[in-house]
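Trainee: Sharing a structure below in structure tokens format, with a few things to ask.
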Amino acid sequence: MEAMRRLCVISLLLFSLTAFGATGTRLTVQVNSADTGRPIDRASVIVRFRHGLNPVKMKKIITSWETKTSQEGSVKIPEMPMGEVTIQVIAEHYQTFGDVFELTMPEQTIAIKLNPPQAQYSEDSKKK
């Protein structure tokens with residue numbers, strides 16, 4: 001009886017890992033300057049999983065990551081389910097970036113180009 005119970009638990013575990021692995025993706029976010037094309041290091045990258053392509057229960061799966069880019073301007077996010085994510089990038093001396101992306105491949109790289117800040121606008125300067 002105990003051997004049968006263990007076999008059932010192992011089978012269920014392997015099935016859930018296979019189901020997750022079949023729909024998982026590894027995400028790399030590459031952040032560069034739109035002006036120079038150079039990588040931006042120490043940019044804050046926030047990735048939030050919105051909803052997936054697979055109806056697997058998400059209670060024990062991490063769905064939000066906050067990290068900083070390396071000197072090469074990239075960050076690798078651990079395996080997550082395929083589906084829709086929101087990516088926000090914040091870096092000093094650049095405009096904040098945010099958008100929604102669809103993750104559909106086992107490994108995916110999203111390239112983000114940050115723009116320099118816009119000139120400050122003032123109503124007072126128009127009146128003079």
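Scheme for the structure tokens: letters A, B, ... for chains in order shown; per-chain residue numbers from 1; ligand numbers from 1 in order shown.
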If we count only C-alpha atoms and set the cut-off at 6 Å, which residues sit around segment 92-95 of chain A, ignoring sequence neighbours fewer than 6 positions away in its own chain? Please answer as JSON, numbers by chain.

Mentor: {"A": [115, 116, 117]}

Trainee: Can you tell me which residues surround Arg26 of chain A at a distance of at most 10 Å, considering only C-alpha atoms, apart from same-chain residues fewer than 2 positions away, and format the answer as a PDB file with N, CA, C and O atoms, in the first residue's frame?

Mentor:
ATOM      1  N   GLY A  24       6.778  26.291 -20.071  1.00  0.00           N
ATOM      2  CA  GLY A  24       7.642  27.261 -19.424  1.00  0.00           C
ATOM      3  C   GLY A  24       8.516  27.993 -20.426  1.00  0.00           C
ATOM      4  O   GLY A  24       8.743  27.544 -21.539  1.00  0.00           O
ATOM      5  N   THR A  28      14.972  36.671 -21.116  1.00  0.00           N
ATOM      6  CA  THR A  28      16.096  37.589 -20.981  1.00  0.00           C
ATOM      7  C   THR A  28      15.618  38.958 -21.431  1.00  0.00           C
ATOM      8  O   THR A  28      15.011  39.083 -22.491  1.00  0.00           O
ATOM      9  N   LYS A  76      18.362  38.022 -16.589  1.00  0.00           N
ATOM     10  CA  LYS A  76      17.723  36.740 -16.906  1.00  0.00           C
ATOM     11  C   LYS A  76      16.726  36.423 -15.796  1.00  0.00           C
ATOM     12  O   LYS A  76      17.071  36.459 -14.620  1.00  0.00           O
ATOM     13  N   ILE A  77      15.527  36.121 -16.211  1.00  0.00           N
ATOM     14  CA  ILE A  77      14.460  35.777 -15.275  1.00  0.00           C
ATOM     15  C   ILE A  77      14.350  34.248 -15.240  1.00  0.00           C
ATOM     16  O   ILE A  77      14.373  33.604 -16.290  1.00  0.00           O
ATOM     17  N   PRO A  78      14.209  33.640 -14.051  1.00  0.00           N
ATOM     18  CA  PRO A  78      14.067  32.178 -13.975  1.00  0.00           C
ATOM     19  C   PRO A  78      12.851  31.704 -14.776  1.00  0.00           C
ATOM     20  O   PRO A  78      11.974  32.490 -15.110  1.00  0.00           O
ATOM     21  N   GLU A  79      12.815  30.405 -15.040  1.00  0.00           N
ATOM     22  CA  GLU A  79      11.718  29.855 -15.840  1.00  0.00           C
ATOM     23  C   GLU A  79      10.367  30.211 -15.241  1.00  0.00           C
ATOM     24  O   GLU A  79      10.168  30.160 -14.033  1.00  0.00           O
ATOM     25  N   MET A  80       9.472  30.617 -16.143  1.00  0.00           N
ATOM     26  CA  MET A  80       8.115  30.982 -15.761  1.00  0.00           C
ATOM     27  C   MET A  80       7.155  30.421 -16.799  1.00  0.00           C
ATOM     28  O   MET A  80       7.586  30.040 -17.887  1.00  0.00           O
ATOM     29  N   PRO A  81       5.880  30.376 -16.497  1.00  0.00           N
ATOM     30  CA  PRO A  81       4.922  29.878 -17.482  1.00  0.00           C
ATOM     31  C   PRO A  81       4.843  30.823 -18.684  1.00  0.00           C
ATOM     32  O   PRO A  81       5.061  32.017 -18.562  1.00  0.00           O
ATOM     33  N   MET A  82       4.540  30.249 -19.847  1.00  0.00           N
ATOM     34  CA  MET A  82       4.312  31.089 -21.019  1.00  0.00           C
ATOM     35  C   MET A  82       3.017  31.858 -20.818  1.00  0.00           C
ATOM     36  O   MET A  82       2.106  31.382 -20.160  1.00  0.00           O
ATOM     37  N   LEU A 103       4.804  35.918 -24.069  1.00  0.00           N
ATOM     38  CA  LEU A 103       5.889  34.931 -24.075  1.00  0.00           C
ATOM     39  C   LEU A 103       5.347  33.631 -24.638  1.00  0.00           C
ATOM     40  O   LEU A 103       4.464  33.007 -24.037  1.00  0.00           O
ATOM     41  N   MET A 105       7.693  31.301 -26.575  1.00  0.00           N
ATOM     42  CA  MET A 105       8.779  30.387 -26.927  1.00  0.00           C
ATOM     43  C   MET A 105       9.496  29.898 -25.671  1.00  0.00           C
ATOM     44  O   MET A 105       9.471  30.582 -24.647  1.00  0.00           O
ATOM     45  N   PRO A 106      10.178  28.735 -25.740  1.00  0.00           N
ATOM     46  CA  PRO A 106      10.887  28.212 -24.567  1.00  0.00           C
ATOM     47  C   PRO A 106      11.985  29.144 -24.052  1.00  0.00           C
ATOM     48  O   PRO A 106      12.238  29.193 -22.861  1.00  0.00           O
ATOM     49  N   GLU A 107      12.628  29.887 -24.937  1.00  0.00           N
ATOM     50  CA  GLU A 107      13.600  30.906 -24.540  1.00  0.00           C
ATOM     51  C   GLU A 107      13.287  32.148 -25.348  1.00  0.00           C
ATOM     52  O   GLU A 107      13.121  32.073 -26.561  1.00  0.00           O
ATOM     53  N   GLN A 108      13.201  33.278 -24.664  1.00  0.00           N
ATOM     54  CA  GLN A 108      12.821  34.505 -25.356  1.00  0.00           C
ATOM     55  C   GLN A 108      13.639  35.671 -24.824  1.00  0.00           C
ATOM     56  O   GLN A 108      13.852  35.791 -23.625  1.00  0.00           O
ATOM     57  N   THR A 109      14.110  36.528 -25.749  1.00  0.00           N
ATOM     58  CA  THR A 109      14.826  37.747 -25.382  1.00  0.00           C
ATOM     59  C   THR A 109      14.000  38.936 -25.842  1.00  0.00           C
ATOM     60  O   THR A 109      13.561  38.989 -26.991  1.00  0.00           O
TER      61      THR A 109
END

Trainee: Which residues are near Ser70 of chain A? Cut-off 9 Å, only C-alpha atoms, ignore same chain within fewer than 5 positions. Put them as a ChimeraX atom specification.

Mentor: /A:39-43,75

Trainee: Name the residues in contact with Val31 of chain A at a cut-off of 8 Å, using only C-alpha atoms, excluding same-chain residues fewer than 3 positions from it; report them as a PDB file with all heavy atoms, in the first residue's frame.

Mentor:
ATOM      1  N   PRO A  39      24.673  49.288 -23.698  1.00  0.00           N
ATOM      2  CA  PRO A  39      23.887  48.649 -22.627  1.00  0.00           C
ATOM      3  C   PRO A  39      23.786  49.572 -21.416  1.00  0.00           C
ATOM      4  O   PRO A  39      24.702  50.348 -21.133  1.00  0.00           O
ATOM      5  CB  PRO A  39      24.688  47.402 -22.275  1.00  0.00           C
ATOM      6  CG  PRO A  39      25.852  47.341 -23.180  1.00  0.00           C
ATOM      7  CD  PRO A  39      25.898  48.577 -23.990  1.00  0.00           C
ATOM      8  N   ILE A  40      22.679  49.487 -20.721  1.00  0.00           N
ATOM      9  CA  ILE A  40      22.449  50.297 -19.521  1.00  0.00           C
ATOM     10  C   ILE A  40      22.530  49.369 -18.316  1.00  0.00           C
ATOM     11  O   ILE A  40      21.703  48.467 -18.167  1.00  0.00           O
ATOM     12  CB  ILE A  40      21.088  51.000 -19.573  1.00  0.00           C
ATOM     13  CG1 ILE A  40      21.024  51.929 -20.794  1.00  0.00           C
ATOM     14  CG2 ILE A  40      20.827  51.765 -18.287  1.00  0.00           C
ATOM     15  CD1 ILE A  40      19.676  52.537 -21.039  1.00  0.00           C
ATOM     16  N   ALA A  43      19.908  49.194 -14.325  1.00  0.00           N
ATOM     17  CA  ALA A  43      18.521  49.613 -14.559  1.00  0.00           C
ATOM     18  C   ALA A  43      17.604  48.661 -13.799  1.00  0.00           C
ATOM     19  O   ALA A  43      17.836  47.451 -13.774  1.00  0.00           O
ATOM     20  CB  ALA A  43      18.194  49.589 -16.050  1.00  0.00           C
ATOM     21  N   THR A  69      19.780  45.251 -14.050  1.00  0.00           N
ATOM     22  CA  THR A  69      20.567  44.747 -15.175  1.00  0.00           C
ATOM     23  C   THR A  69      22.038  44.658 -14.806  1.00  0.00           C
ATOM     24  O   THR A  69      22.536  45.382 -13.950  1.00  0.00           O
ATOM     25  CB  THR A  69      20.418  45.647 -16.411  1.00  0.00           C
ATOM     26  OG1 THR A  69      20.806  46.972 -16.073  1.00  0.00           O
ATOM     27  CG2 THR A  69      19.002  45.639 -16.943  1.00  0.00           C
ATOM     28  N   GLY A  73      23.866  45.115 -19.544  1.00  0.00           N
ATOM     29  CA  GLY A  73      22.510  45.626 -19.754  1.00  0.00           C
ATOM     30  C   GLY A  73      21.441  44.556 -19.812  1.00  0.00           C
ATOM     31  O   GLY A  73      20.328  44.818 -20.255  1.00  0.00           O
ATOM     32  N   SER A  74      21.758  43.354 -19.343  1.00  0.00           N
ATOM     33  CA  SER A  74      20.768  42.283 -19.442  1.00  0.00           C
ATOM     34  C   SER A  74      20.414  41.722 -18.070  1.00  0.00           C
ATOM     35  O   SER A  74      21.158  41.877 -17.106  1.00  0.00           O
ATOM     36  CB  SER A  74      21.278  41.159 -20.343  1.00  0.00           C
ATOM     37  OG  SER A  74      22.373  40.517 -19.743  1.00  0.00           O
ATOM     38  N   ALA A 111      14.271  42.953 -26.284  1.00  0.00           N
ATOM     39  CA  ALA A 111      15.195  44.091 -26.333  1.00  0.00           C
ATOM     40  C   ALA A 111      14.402  45.376 -26.082  1.00  0.00           C
ATOM     41  O   ALA A 111      13.395  45.629 -26.734  1.00  0.00           O
ATOM     42  CB  ALA A 111      15.884  44.154 -27.691  1.00  0.00           C
ATOM     43  N   ILE A 112      14.885  46.159 -25.132  1.00  0.00           N
ATOM     44  CA  ILE A 112      14.236  47.418 -24.778  1.00  0.00           C
ATOM     45  C   ILE A 112      15.239  48.539 -24.949  1.00  0.00           C
ATOM     46  O   ILE A 112      16.366  48.456 -24.462  1.00  0.00           O
ATOM     47  CB  ILE A 112      13.705  47.363 -23.330  1.00  0.00           C
ATOM     48  CG1 ILE A 112      12.625  46.280 -23.236  1.00  0.00           C
ATOM     49  CG2 ILE A 112      13.198  48.729 -22.883  1.00  0.00           C
ATOM     50  CD1 ILE A 112      12.132  46.012 -21.862  1.00  0.00           C
ATOM     51  N   LYS A 113      14.825  49.588 -25.657  1.00  0.00           N
ATOM     52  CA  LYS A 113      15.676  50.759 -25.866  1.00  0.00           C
ATOM     53  C   LYS A 113      15.071  51.930 -25.092  1.00  0.00           C
ATOM     54  O   LYS A 113      13.922  52.297 -25.324  1.00  0.00           O
ATOM     55  CB  LYS A 113      15.772  51.086 -27.347  1.00  0.00           C
ATOM     56  CG  LYS A 113      16.421  49.957 -28.133  1.00  0.00           C
ATOM     57  CD  LYS A 113      16.892  50.415 -29.484  1.00  0.00           C
ATOM     58  CE  LYS A 113      17.513  49.309 -30.282  1.00  0.00           C
ATOM     59  NZ  LYS A 113      18.706  48.749 -29.758  1.00  0.00           N
ATOM     60  N   LEU A 114      15.869  52.470 -24.165  1.00  0.00           N
ATOM     61  CA  LEU A 114      15.397  53.582 -23.343  1.00  0.00           C
ATOM     62  C   LEU A 114      15.788  54.914 -23.976  1.00  0.00           C
ATOM     63  O   LEU A 114      16.907  55.084 -24.460  1.00  0.00           O
ATOM     64  CB  LEU A 114      15.980  53.488 -21.935  1.00  0.00           C
ATOM     65  CG  LEU A 114      15.560  52.289 -21.094  1.00  0.00           C
ATOM     66  CD1 LEU A 114      16.147  52.396 -19.697  1.00  0.00           C
ATOM     67  CD2 LEU A 114      14.050  52.165 -21.015  1.00  0.00           C
TER      68      LEU A 114
END

Trainee: Using only C-alpha atoms, which of the listed residues (A:Trp65, A:Ile110, A:Ile87, A:Asp99) sits closest to Asn32 of chain A?

Mentor: A:Ile110

Trainee: Could you please write out, as a PyMOL selection string, every residue of segment 62-94 of chain A that DSSP assigns to strand (DSSP E)?

Mentor: chain A and resi 64-68+74-81+83-90

Trainee: Please produce a file of those selected residues containing N, CA and C atoms, as a compact mmCIF listing (two decimals), in the first residue's frame.

Mentor:
# COMPACT_ATOMS: atom_id res chain seq x y z
N SER A 64 6.15 37.48 -9.95
CA SER A 64 6.66 38.84 -10.00
C SER A 64 8.15 38.83 -9.64
N TRP A 65 8.94 39.55 -10.44
CA TRP A 65 10.39 39.62 -10.23
C TRP A 65 10.83 41.07 -10.30
N GLU A 66 11.72 41.47 -9.40
CA GLU A 66 12.32 42.80 -9.42
C GLU A 66 13.82 42.62 -9.31
N THR A 67 14.56 43.13 -10.30
CA THR A 67 16.00 42.93 -10.35
C THR A 67 16.66 44.09 -11.08
N LYS A 68 17.98 44.06 -11.19
CA LYS A 68 18.72 45.11 -11.89
C LYS A 68 19.56 44.47 -13.00
N SER A 74 21.76 43.35 -19.34
CA SER A 74 20.77 42.28 -19.44
C SER A 74 20.41 41.72 -18.07
N VAL A 75 19.27 41.08 -18.04
CA VAL A 75 18.81 40.39 -16.84
C VAL A 75 18.11 39.12 -17.30
N LYS A 76 18.36 38.02 -16.59
CA LYS A 76 17.72 36.74 -16.91
C LYS A 76 16.73 36.42 -15.80
N ILE A 77 15.53 36.12 -16.21
CA ILE A 77 14.46 35.78 -15.27
C ILE A 77 14.35 34.25 -15.24
N PRO A 78 14.21 33.64 -14.05
CA PRO A 78 14.07 32.18 -13.97
C PRO A 78 12.85 31.70 -14.78
N GLU A 79 12.81 30.41 -15.04
CA GLU A 79 11.72 29.85 -15.84
C GLU A 79 10.37 30.21 -15.24
N MET A 80 9.47 30.62 -16.14
CA MET A 80 8.12 30.98 -15.76
C MET A 80 7.15 30.42 -16.80
N PRO A 81 5.88 30.38 -16.50
CA PRO A 81 4.92 29.88 -17.48
C PRO A 81 4.84 30.82 -18.68
N GLY A 83 2.98 33.04 -21.41
CA GLY A 83 1.78 33.86 -21.29
C GLY A 83 2.12 35.33 -21.39
N GLU A 84 1.28 36.14 -20.82
CA GLU A 84 1.43 37.59 -20.92
C GLU A 84 2.12 38.16 -19.68
N VAL A 85 3.12 39.02 -19.91
CA VAL A 85 3.84 39.68 -18.82
C VAL A 85 3.87 41.19 -19.06
N THR A 86 3.97 41.91 -17.96
CA THR A 86 4.21 43.34 -18.02
C THR A 86 5.66 43.56 -17.63
N ILE A 87 6.39 44.35 -18.43
CA ILE A 87 7.78 44.67 -18.12
C ILE A 87 7.90 46.17 -17.96
N GLN A 88 8.49 46.58 -16.83
CA GLN A 88 8.76 47.99 -16.56
C GLN A 88 10.25 48.14 -16.32
N VAL A 89 10.85 49.17 -16.93
CA VAL A 89 12.28 49.42 -16.77
C VAL A 89 12.45 50.87 -16.32
N ILE A 90 13.22 51.05 -15.24
CA ILE A 90 13.49 52.38 -14.69
C ILE A 90 15.00 52.53 -14.57

Trainee: Just how far from atom CA of Phe97 of chain A is atom CA of Thr25 of chain A, in Å to one decimal?

Mentor: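 Calculated distance between atom CA of Thr25 of chain A and atom CA of Phe97 of chain A is 22.3 Å.
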
Trainee: Using Å and a single decimal, report how far atom CA of Thr63 of chain A sits from atom CA of Val29 of chain A.

Mentor: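 Here the two named atoms are 16.0 Å from each other.
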